[in-house]
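Novice: My structure file target-v1.txt, compact mmCIF, C-alpha atoms, is below:
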# COMPACT_ATOMS: atom_id res chain seq x y z
CA LEU N 1 -76.67 -111.86 -38.47
CA LEU N 2 -77.55 -109.87 -35.34
CA LEU N 3 -79.84 -110.56 -32.41
CA ALA N 4 -80.76 -108.25 -29.53
CA ILE N 5 -83.19 -108.61 -26.64
CA GLU N 6 -84.48 -106.34 -23.87
CA GLY N 7 -86.48 -107.03 -20.72
CA PHE N 8 -88.22 -104.21 -18.86
CA MET N 9 -88.67 -103.36 -15.19
CA ASN N 10 -92.11 -104.30 -13.89
CA GLU N 11 -92.54 -100.82 -12.40
CA PHE N 12 -91.97 -99.23 -15.80
CA VAL N 13 -94.43 -101.53 -17.57
CA ALA N 14 -97.07 -100.90 -14.88
CA GLY N 15 -96.50 -97.15 -14.71
CA ASP N 16 -96.32 -96.33 -18.44
CA PRO N 17 -97.45 -99.39 -20.43
CA TRP N 18 -97.84 -97.66 -23.80
CA PHE N 19 -94.36 -96.16 -23.65
CA ALA N 20 -92.95 -99.47 -22.43
CA GLY N 21 -94.31 -101.06 -25.59
CA TRP N 22 -92.86 -98.29 -27.73
CA CYS N 23 -89.48 -98.65 -26.00
CA GLY N 24 -89.59 -102.39 -26.60
CA VAL N 25 -89.10 -101.68 -30.29
CA MET N 26 -87.01 -98.51 -30.01
CA VAL N 27 -84.28 -99.78 -27.70
CA ASN N 28 -83.83 -102.99 -29.65
CA LEU N 29 -83.42 -101.03 -32.87
CA SER N 30 -80.80 -98.93 -31.09
CA ASP N 31 -78.93 -102.12 -30.18
CA ILE N 32 -78.92 -103.27 -33.79
CA ALA N 33 -77.73 -99.86 -35.00
CA ALA N 34 -74.98 -99.86 -32.37
CA MET N 35 -73.70 -103.08 -33.97
CA GLY N 36 -73.60 -101.42 -37.39
CA GLY N 37 -76.73 -103.23 -38.55
CA ARG N 38 -80.20 -102.72 -39.90
CA PRO N 39 -83.27 -104.39 -38.32
CA VAL N 40 -85.22 -107.17 -40.00
CA ALA N 41 -88.10 -108.05 -37.65
CA VAL N 42 -89.28 -107.81 -34.04
CA VAL N 43 -90.92 -110.37 -31.72
CA ASP N 44 -92.30 -109.83 -28.22
CA ALA N 45 -93.40 -111.60 -25.04
CA VAL N 46 -96.21 -109.80 -23.18
CA TRP N 47 -97.56 -110.76 -19.74
CA ALA N 48 -100.70 -108.96 -18.56
CA LYS N 49 -103.80 -109.24 -16.41
CA GLY N 50 -106.40 -109.75 -19.13
CA GLU N 51 -106.79 -108.17 -22.55
CA ASP N 52 -107.32 -104.70 -21.06
CA GLY N 53 -103.94 -104.93 -19.35
CA ALA N 54 -102.18 -106.02 -22.53
CA ALA N 55 -103.83 -103.49 -24.86
CA PRO N 56 -101.70 -100.37 -24.13
CA VAL N 57 -98.45 -102.35 -24.31
CA LEU N 58 -99.44 -103.87 -27.63
CA ASP N 59 -100.56 -100.44 -28.91
CA GLY N 60 -97.14 -98.99 -28.06
CA LEU N 61 -95.37 -101.87 -29.76
CA ARG N 62 -97.49 -101.47 -32.86
CA ALA N 63 -97.02 -97.68 -33.01
CA ALA N 64 -93.23 -97.94 -32.85
CA SER N 65 -93.18 -100.81 -35.34
CA GLU N 66 -95.07 -98.66 -37.85
CA ARG N 67 -93.08 -95.47 -37.20
CA PHE N 68 -89.68 -97.12 -37.49
CA GLY N 69 -90.78 -99.31 -40.40
CA VAL N 70 -89.79 -102.63 -38.83
CA PRO N 71 -92.40 -105.43 -38.83
CA LEU N 72 -93.67 -106.97 -35.61
CA VAL N 73 -93.95 -110.58 -36.74
CA GLY N 74 -95.10 -112.49 -33.66
CA GLY N 75 -94.33 -113.51 -30.12
CA HIS N 76 -96.01 -114.87 -27.02
CA THR N 77 -98.81 -113.58 -24.80
CA ASN N 78 -99.93 -114.58 -21.30
CA LEU N 79 -103.14 -112.85 -20.19
CA LYS N 80 -103.53 -114.78 -16.92
CA THR N 81 -100.90 -113.16 -14.74
CA ASP N 82 -101.09 -110.75 -11.82
CA ARG N 83 -98.68 -108.17 -13.26
CA GLY N 84 -97.54 -106.70 -16.54
CA GLN N 85 -94.19 -107.82 -17.90
CA LEU N 86 -92.51 -107.28 -21.25
CA SER N 87 -89.58 -108.62 -23.21
CA VAL N 88 -88.83 -107.81 -26.85
CA ALA N 89 -86.25 -109.17 -29.29
CA VAL N 90 -85.12 -108.12 -32.75
CA LEU N 91 -83.23 -109.72 -35.61
CA GLY N 92 -80.92 -107.67 -37.82
CA ARG N 93 -78.12 -107.84 -40.36
CA ALA N 94 -74.85 -105.98 -40.78
CA LYS N 95 -72.36 -105.74 -43.63
CA ARG N 96 -69.61 -104.43 -41.35
CA LEU N 97 -69.73 -104.57 -37.56
CA LEU N 98 -69.47 -101.99 -34.83
CA THR N 99 -68.75 -103.64 -31.46
CA SER N 100 -68.04 -102.93 -27.80
CA PHE N 101 -64.79 -104.91 -27.97
CA ASP N 102 -62.55 -102.89 -30.30
CA ALA N 103 -61.81 -99.54 -28.62
CA ARG N 104 -58.07 -98.85 -28.57
CA PRO N 105 -55.89 -96.52 -26.46
CA GLY N 106 -55.30 -93.22 -28.22
CA GLU N 107 -58.75 -93.11 -29.80
CA THR N 108 -61.29 -90.36 -29.11
CA LEU N 109 -64.61 -91.00 -27.35
CA ILE N 110 -67.59 -89.42 -29.11
CA ALA N 111 -71.12 -88.92 -27.76
CA ALA N 112 -74.09 -88.29 -30.05
CA ILE N 113 -77.49 -87.68 -28.41
CA ASP N 114 -80.81 -86.37 -29.71
CA LEU N 115 -81.69 -83.57 -27.27
CA ARG N 116 -84.97 -82.67 -29.01
CA GLY N 117 -87.13 -84.10 -26.25
CA ARG N 118 -88.13 -84.03 -22.62
CA TYR N 119 -88.23 -86.29 -19.58
CA ARG N 120 -91.13 -88.71 -19.42
CA GLU N 121 -91.67 -88.58 -15.68
CA PRO N 122 -91.24 -90.11 -13.19
CA PHE N 123 -88.46 -92.20 -14.76
CA SER N 124 -85.18 -90.78 -16.09
CA ASN N 125 -86.10 -91.59 -19.67
CA TRP N 126 -85.39 -88.80 -22.18
CA GLU N 127 -88.22 -89.04 -24.73
CA ALA N 128 -87.10 -87.75 -28.12
CA ALA N 129 -88.81 -90.13 -30.54
CA THR N 130 -92.57 -90.42 -30.10
CA ASP N 131 -93.27 -87.05 -31.78
CA ALA N 132 -90.53 -87.34 -34.41
CA PRO N 133 -91.47 -88.06 -38.05
CA ALA N 134 -90.79 -91.56 -39.33
CA GLU N 135 -88.34 -90.36 -41.99
CA ARG N 136 -86.17 -88.67 -39.37
CA LEU N 137 -86.18 -91.64 -37.00
CA ARG N 138 -85.19 -94.07 -39.72
CA GLY N 139 -82.55 -91.77 -41.17
CA ASP N 140 -80.97 -91.15 -37.76
CA LEU N 141 -80.58 -94.89 -37.14
CA GLU N 142 -79.04 -95.31 -40.60
CA LEU N 143 -76.06 -93.18 -39.53
CA LEU N 144 -74.54 -96.03 -37.52
CA PRO N 145 -74.33 -98.65 -40.30
CA PHE N 146 -73.14 -95.88 -42.64
CA ILE N 147 -70.29 -95.04 -40.24
CA ALA N 148 -69.38 -98.73 -40.02
CA GLU N 149 -69.45 -99.32 -43.76
CA ALA N 150 -67.45 -96.14 -44.43
CA GLY N 151 -64.71 -97.44 -42.13
CA LEU N 152 -64.91 -94.39 -39.87
CA SER N 153 -65.19 -96.45 -36.67
CA ARG N 154 -65.19 -100.03 -35.44
CA VAL N 155 -66.73 -99.19 -32.06
CA ALA N 156 -70.17 -98.12 -30.86
CA LYS N 157 -72.45 -98.66 -27.90
CA ASP N 158 -75.93 -97.26 -27.39
CA ILE N 159 -76.29 -95.26 -24.18
CA SER N 160 -78.35 -97.41 -21.83
CA GLN N 161 -79.97 -96.90 -18.42
CA GLY N 162 -76.44 -96.49 -17.04
CA GLY N 163 -76.22 -93.13 -18.80
CA ILE N 164 -73.10 -91.67 -20.38
CA VAL N 165 -70.71 -92.65 -17.59
CA GLY N 166 -72.12 -96.11 -16.91
CA THR N 167 -72.23 -96.98 -20.61
CA SER N 168 -68.66 -95.76 -21.02
CA ALA N 169 -67.63 -98.10 -18.21
CA MET N 170 -69.28 -101.06 -19.94
CA LEU N 171 -67.55 -100.15 -23.19
CA ALA N 172 -64.18 -99.84 -21.45
CA GLU N 173 -64.54 -103.21 -19.75
CA CYS N 174 -65.51 -105.02 -22.94
CA SER N 175 -62.54 -103.54 -24.82
CA GLY N 176 -60.04 -104.03 -22.01
CA VAL N 177 -59.17 -100.32 -21.90
CA GLY N 178 -59.71 -97.24 -19.78
CA ILE N 179 -61.77 -94.17 -20.62
CA GLU N 180 -61.41 -90.56 -19.49
CA ILE N 181 -64.50 -88.37 -19.86
CA ASP N 182 -64.66 -84.56 -19.76
CA LEU N 183 -68.14 -84.04 -18.31
CA ALA N 184 -68.22 -80.42 -19.42
CA ARG N 185 -68.11 -81.56 -23.06
CA ALA N 186 -70.93 -84.12 -22.84
CA PRO N 187 -74.03 -83.07 -24.84
CA ALA N 188 -76.84 -82.15 -22.44
CA PRO N 189 -80.22 -80.38 -22.63
CA GLU N 190 -80.54 -76.96 -21.07
CA GLY N 191 -82.05 -76.69 -17.60
CA VAL N 192 -81.66 -80.35 -16.66
CA ASP N 193 -80.00 -81.46 -13.43
CA PRO N 194 -76.52 -82.64 -14.52
CA ALA N 195 -76.47 -85.51 -12.01
CA ARG N 196 -79.79 -86.82 -13.33
CA TRP N 197 -78.71 -86.39 -16.95
CA LEU N 198 -75.55 -88.44 -16.51
CA THR N 199 -77.67 -91.43 -15.45
CA SER N 200 -80.49 -90.91 -17.95
CA PHE N 201 -81.56 -93.17 -20.80
CA PRO N 202 -81.93 -91.17 -24.05
CA SER N 203 -84.24 -92.24 -26.86
CA TYR N 204 -81.31 -91.81 -29.24
CA GLY N 205 -77.82 -91.80 -27.80
CA TYR N 206 -74.54 -93.46 -28.79
CA LEU N 207 -70.92 -93.58 -27.78
CA LEU N 208 -68.34 -94.19 -30.50
CA SER N 209 -64.59 -94.54 -30.46
CA ALA N 210 -62.53 -93.39 -33.43
CA THR N 211 -59.05 -92.30 -34.41
CA PRO N 212 -58.53 -88.52 -34.15
CA ASP N 213 -58.36 -88.27 -37.94
CA ASP N 214 -61.87 -89.73 -38.34
CA VAL N 215 -63.55 -87.72 -35.58
CA PRO N 216 -64.45 -84.62 -37.68
CA ALA N 217 -66.23 -86.72 -40.31
CA ILE N 218 -68.26 -88.58 -37.69
CA LEU N 219 -69.27 -85.40 -35.87
CA SER N 220 -70.33 -83.76 -39.14
CA LEU N 221 -72.67 -86.66 -39.95
CA PHE N 222 -74.57 -86.23 -36.67
CA GLU N 223 -74.47 -82.45 -36.95
CA ALA N 224 -76.11 -82.58 -40.37
CA ARG N 225 -79.12 -84.37 -38.86
CA GLY N 226 -79.51 -82.04 -35.88
CA ILE N 227 -78.16 -84.52 -33.34
CA ALA N 228 -76.02 -83.03 -30.56
CA ASN N 229 -72.50 -84.39 -30.69
CA ALA N 230 -69.06 -83.87 -29.21
CA ALA N 231 -65.69 -85.46 -28.61
CA ILE N 232 -66.04 -85.98 -24.86
CA GLY N 233 -62.93 -87.90 -23.90
CA LYS N 234 -60.27 -90.38 -24.80
CA VAL N 235 -59.55 -94.08 -24.62
CA THR N 236 -56.60 -94.90 -22.36
CA ALA N 237 -54.52 -97.94 -21.45
CA ASP N 238 -54.84 -97.60 -17.67
CA ARG N 239 -58.01 -99.72 -17.22
CA ARG N 240 -59.81 -97.00 -15.27
CA VAL N 241 -62.94 -94.97 -15.97
CA THR N 242 -62.19 -91.39 -14.94
CA VAL N 243 -64.32 -88.26 -15.13
CA THR N 244 -63.09 -84.69 -15.08
CA ASN N 245 -64.95 -81.40 -14.67
CA GLY N 246 -62.66 -78.41 -14.75
CA ALA N 247 -59.93 -79.06 -12.18
CA ALA N 248 -61.93 -81.83 -10.48
CA ARG N 249 -60.98 -85.40 -11.31
CA GLU N 250 -62.36 -88.69 -10.00
CA THR N 251 -61.93 -92.37 -10.83
CA ILE N 252 -65.36 -93.97 -11.17
CA TRP N 253 -64.19 -97.55 -11.73
CA ASP N 254 -60.86 -99.35 -11.63
CA PHE N 255 -60.95 -102.65 -13.50
CA ALA N 256 -57.68 -103.70 -11.87
CA GLN N 257 -59.65 -103.87 -8.61
CA ARG N 258 -62.86 -105.53 -9.76
CA ALA N 259 -64.97 -106.33 -12.79
CA LEU N 260 -68.17 -104.48 -13.67
CA LEU N 261 -70.12 -106.89 -15.89
CA GLY N 262 -67.49 -109.60 -16.19
CA CYS N 263 -67.45 -109.19 -19.99
CA GLY N 264 -63.88 -108.06 -20.39
CA PRO N 265 -61.24 -109.82 -22.50
CA VAL N 266 -59.61 -112.87 -20.97
CA THR N 267 -55.88 -113.42 -21.38
CA ALA N 268 -54.84 -117.04 -21.77
CA THR N 269 -52.33 -118.27 -19.22
CA ALA N 270 -49.62 -120.93 -19.64
CA GLU N 271 -51.81 -123.26 -17.58
CA ASP N 272 -54.74 -122.71 -19.97
CA ALA N 273 -52.51 -123.49 -22.96
CA ALA N 274 -51.34 -126.71 -21.34
Translate the structure of the given file into structure tokens.

Specialist:
Amino acid sequence: LLLAIEGFMNEFVAGDPWFAGWCGVMVNLSDIAAMGGRPVAVVDAVWAKGEDGAAPVLDGLRAASERFGVPLVGGHTNLKTDRGQLSVAVLGRAKRLLTSFDARPGETLIAAIDLRGRYREPFSNWEAATDAPAERLRGDLELLPFIAEAGLSRVAKDISQGGIVGTSAMLAECSGVGIEIDLARAPAPEGVDPARWLTSFPSYGYLLSATPDDVPAILSLFEARGIANAAIGKVTADRRVTVTNGAARETIWDFAQRALLGCGPVTATAEDAA
């Protein structure tokens, strides 16, 4: 049984309320898929200044619910507030889990991103879903539980607002490993500023970790659906997140020095055991 929840920045809800509503469904479904699951139902909490303020958010929620085929079953509304705010949660189920806690040194880091889109200005959100047919959206999400159930990987994380590098760092911390990323291999749209892209949130984007033997099968699944994909790095034992680009090399985060989220594995000490 799976549960995911997302809260949204007030500036985003105010600046693009319809798309905020759409994203409320979309990003939660991505979270469920990243756990190897399939969604069951969505609920929301909408704050707005009157019915007119709530309408575009609710329209976006409804549109995504219908396109992705996941029912919006209820929630909570406050129409007597001075600003728009949004939080959305989803329930799902998985037969076999993908997690952020099982990457192992020696595995290959894979990125799969739908590049068939464009930026929805002014935010660094790569919009690749609102014009896509329902069948494609649903089939693309189905790849993750298929990968889990086929035993091709135990590890996945949807690429969040931290982008490829930031999401890799969160994955590394949760698994108690390091990750080395070759930036030149990361899937990217043509003509986009590389610095902006590396910190962008894609409508459909995942990182997976797999043994070298299973990498070709995983890449072929994404390739068959027109989703850009590549082996972009490796999982290491050194507890650092490192990026390379040609001869250039830089450590982005060293977990031996400090935590990122504080969600890494904890090793029991003799004092704990006592």

Novice: Pick out the residues sitting within 10 Å of region 71-75 of chain N, and hand them over as a list in words; count all atoms listed in the file, and ignore anything fewer than 2 positions along from it in its own chain.

Specialist: Val25, Pro39, Val40, Ala41, Val42, Val43, Asp44, Ala45, Val46, Leu61, Arg62, Ala64, Ser65, Glu66, Phe68, Gly69, Thr77, Ser87, Val88, Ala89 and Val90 of chain N

Novice: Using only C-alpha atoms for the distances, tell me which of N:Pro133, N:Gly106, N:Gly37, N:Gly84 is nearest to Asn10 (chain N).

Specialist: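 Checking each candidate against Asn10 (chain N), we get N:Gly84 as the closest.
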
Novice: Set the distance at 12 Å and use all atoms listed in the file: which residues neighbour Asp52 (chain N) once local chain neighbours fewer than 5 positions away are removed? I'd like the list as a ChimeraX atom specification.

Specialist: /N:17,47,57-59,79-80,84

Novice: Taking into account only C-alpha atoms, which residue in the set N:Cys174, N:Ala94, N:Ala169, N:Leu219 is nearest to Ala148 (chain N)?

Specialist: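 That would be N:Ala94, the residue with the smallest distance to Ala148 (chain N).
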
Novice: Pick out the closest residue to Leu208 (chain N) from this set: N:Leu260, N:Ala111, N:Ala224, N:Val192. Count only C-alpha atoms.

Specialist: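 Using only C-alpha atoms, the shortest distance to Leu208 (chain N) belongs to N:Ala111.
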
Novice: Show me, as a tab-separated table, the residues of region 72-183 of chain N having an atom within 10 Å of region 193-198 of chain N, each with the closest atom pair and its distance in Å, using only C-alpha atoms.

Specialist:
residue	atom	partner	partner_atom	distance
N:Tyr119	CA	N:Trp197	CA	9.9
N:Ser124	CA	N:Arg196	CA	7.2
N:Asn125	CA	N:Trp197	CA	9.4
N:Trp126	CA	N:Trp197	CA	8.8
N:Gln161	CA	N:Leu198	CA	9.7
N:Gly162	CA	N:Leu198	CA	8.1
N:Gly163	CA	N:Leu198	CA	5.3
N:Ile164	CA	N:Leu198	CA	5.6
N:Val165	CA	N:Leu198	CA	6.5
N:Gly166	CA	N:Leu198	CA	8.4
N:Leu183	CA	N:Leu198	CA	8.8

Novice: Write out the residues from the selection above, keeping C-alpha atoms, as a compact mmCIF listing (two decimals), keeping the file's coordinate frame.

Specialist:
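After the write, again-v5.txt holds the following:
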# COMPACT_ATOMS: atom_id res chain seq x y z
CA TYR N 119 -88.23 -86.29 -19.58
CA SER N 124 -85.18 -90.78 -16.09
CA ASN N 125 -86.10 -91.59 -19.67
CA TRP N 126 -85.39 -88.80 -22.18
CA GLN N 161 -79.97 -96.90 -18.42
CA GLY N 162 -76.44 -96.49 -17.04
CA GLY N 163 -76.22 -93.13 -18.80
CA ILE N 164 -73.10 -91.67 -20.38
CA VAL N 165 -70.71 -92.65 -17.59
CA GLY N 166 -72.12 -96.11 -16.91
CA LEU N 183 -68.14 -84.04 -18.31

Novice: Around all listed atoms of region 102-118 of chain N, padded 5 Å per side, what centre and edge lengths does the axis-aligned box have in Å to one decimal, as AutoDock Vina command-line options?

Specialist:
--center_x -71.7 --center_y -92.8 --center_z -26.5 --size_x 42.8 --size_y 30.2 --size_z 17.7

Novice: Please output region 211-222 of chain N, rebuilt to include all heavy atoms, as an mmCIF file, in the frame of the given file.

Specialist:
data_model
loop_
_atom_site.group_PDB
_atom_site.id
_atom_site.type_symbol
_atom_site.label_atom_id
_atom_site.label_comp_id
_atom_site.auth_asym_id
_atom_site.auth_seq_id
_atom_site.Cartn_x
_atom_site.Cartn_y
_atom_site.Cartn_z
ATOM 1 N N THR N 211 -60.344 -92.958 -34.358
ATOM 2 C CA THR N 211 -59.050 -92.300 -34.410
ATOM 3 C C THR N 211 -59.275 -90.794 -34.557
ATOM 4 O O THR N 211 -60.288 -90.362 -35.132
ATOM 5 C CB THR N 211 -58.227 -92.801 -35.599
ATOM 6 O OG1 THR N 211 -58.893 -92.447 -36.819
ATOM 7 C CG2 THR N 211 -58.041 -94.320 -35.537
ATOM 8 N N PRO N 212 -58.359 -89.978 -34.035
ATOM 9 C CA PRO N 212 -58.530 -88.520 -34.150
ATOM 10 C C PRO N 212 -58.775 -88.041 -35.574
ATOM 11 O O PRO N 212 -59.528 -87.083 -35.788
ATOM 12 C CB PRO N 212 -57.223 -87.974 -33.569
ATOM 13 C CG PRO N 212 -56.789 -89.025 -32.579
ATOM 14 C CD PRO N 212 -57.181 -90.339 -33.217
ATOM 15 N N ASP N 213 -58.181 -88.698 -36.550
ATOM 16 C CA ASP N 213 -58.360 -88.270 -37.940
ATOM 17 C C ASP N 213 -59.796 -88.455 -38.428
ATOM 18 O O ASP N 213 -60.251 -87.715 -39.315
ATOM 19 C CB ASP N 213 -57.421 -89.058 -38.859
ATOM 20 C CG ASP N 213 -55.969 -88.636 -38.703
ATOM 21 O OD1 ASP N 213 -55.718 -87.568 -38.115
ATOM 22 O OD2 ASP N 213 -55.089 -89.392 -39.166
ATOM 23 N N ASP N 214 -60.510 -89.436 -37.874
ATOM 24 C CA ASP N 214 -61.870 -89.730 -38.340
ATOM 25 C C ASP N 214 -62.945 -89.000 -37.539
ATOM 26 O O ASP N 214 -64.119 -89.013 -37.925
ATOM 27 C CB ASP N 214 -62.131 -91.232 -38.275
ATOM 28 C CG ASP N 214 -61.374 -92.006 -39.349
ATOM 29 O OD1 ASP N 214 -61.254 -91.465 -40.459
ATOM 30 O OD2 ASP N 214 -60.908 -93.118 -39.063
ATOM 31 N N VAL N 215 -62.555 -88.371 -36.441
ATOM 32 C CA VAL N 215 -63.550 -87.720 -35.580
ATOM 33 C C VAL N 215 -64.320 -86.617 -36.301
ATOM 34 O O VAL N 215 -65.558 -86.564 -36.218
ATOM 35 C CB VAL N 215 -62.873 -87.177 -34.297
ATOM 36 C CG1 VAL N 215 -63.822 -86.259 -33.527
ATOM 37 C CG2 VAL N 215 -62.432 -88.340 -33.414
ATOM 38 N N PRO N 216 -63.678 -85.687 -37.028
ATOM 39 C CA PRO N 216 -64.450 -84.620 -37.680
ATOM 40 C C PRO N 216 -65.536 -85.144 -38.621
ATOM 41 O O PRO N 216 -66.648 -84.597 -38.669
ATOM 42 C CB PRO N 216 -63.383 -83.817 -38.434
ATOM 43 C CG PRO N 216 -62.120 -84.069 -37.671
ATOM 44 C CD PRO N 216 -62.225 -85.496 -37.233
ATOM 45 N N ALA N 217 -65.240 -86.181 -39.374
ATOM 46 C CA ALA N 217 -66.230 -86.720 -40.310
ATOM 47 C C ALA N 217 -67.427 -87.303 -39.571
ATOM 48 O O ALA N 217 -68.582 -87.124 -39.992
ATOM 49 C CB ALA N 217 -65.579 -87.784 -41.199
ATOM 50 N N ILE N 218 -67.176 -87.996 -38.468
ATOM 51 C CA ILE N 218 -68.260 -88.580 -37.690
ATOM 52 C C ILE N 218 -69.131 -87.489 -37.082
ATOM 53 O O ILE N 218 -70.365 -87.531 -37.163
ATOM 54 C CB ILE N 218 -67.703 -89.511 -36.597
ATOM 55 C CG1 ILE N 218 -67.025 -90.723 -37.238
ATOM 56 C CG2 ILE N 218 -68.806 -89.958 -35.646
ATOM 57 C CD1 ILE N 218 -66.302 -91.617 -36.241
ATOM 58 N N LEU N 219 -68.505 -86.485 -36.485
ATOM 59 C CA LEU N 219 -69.270 -85.400 -35.870
ATOM 60 C C LEU N 219 -70.120 -84.671 -36.911
ATOM 61 O O LEU N 219 -71.265 -84.296 -36.634
ATOM 62 C CB LEU N 219 -68.316 -84.415 -35.190
ATOM 63 C CG LEU N 219 -67.504 -84.940 -34.002
ATOM 64 C CD1 LEU N 219 -66.639 -83.830 -33.420
ATOM 65 C CD2 LEU N 219 -68.403 -85.540 -32.931
ATOM 66 N N SER N 220 -69.586 -84.481 -38.103
ATOM 67 C CA SER N 220 -70.330 -83.760 -39.140
ATOM 68 C C SER N 220 -71.572 -84.518 -39.582
ATOM 69 O O SER N 220 -72.591 -83.912 -39.935
ATOM 70 C CB SER N 220 -69.427 -83.452 -40.327
ATOM 71 O OG SER N 220 -69.066 -84.642 -41.015
ATOM 72 N N LEU N 221 -71.512 -85.862 -39.558
ATOM 73 C CA LEU N 221 -72.670 -86.660 -39.950
ATOM 74 C C LEU N 221 -73.832 -86.452 -38.965
ATOM 75 O O LEU N 221 -74.990 -86.284 -39.370
ATOM 76 C CB LEU N 221 -72.297 -88.143 -39.993
ATOM 77 C CG LEU N 221 -71.391 -88.576 -41.146
ATOM 78 C CD1 LEU N 221 -70.916 -90.006 -40.934
ATOM 79 C CD2 LEU N 221 -72.136 -88.457 -42.476
ATOM 80 N N PHE N 222 -73.519 -86.466 -37.677
ATOM 81 C CA PHE N 222 -74.570 -86.230 -36.670
ATOM 82 C C PHE N 222 -75.049 -84.785 -36.708
ATOM 83 O O PHE N 222 -76.248 -84.512 -36.578
ATOM 84 C CB PHE N 222 -74.052 -86.596 -35.277
ATOM 85 C CG PHE N 222 -73.868 -88.069 -35.062
ATOM 86 C CD1 PHE N 222 -72.604 -88.623 -34.960
ATOM 87 C CD2 PHE N 222 -74.970 -88.917 -34.967
ATOM 88 C CE1 PHE N 222 -72.426 -89.978 -34.765
ATOM 89 C CE2 PHE N 222 -74.803 -90.284 -34.776
ATOM 90 C CZ PHE N 222 -73.534 -90.808 -34.670
#
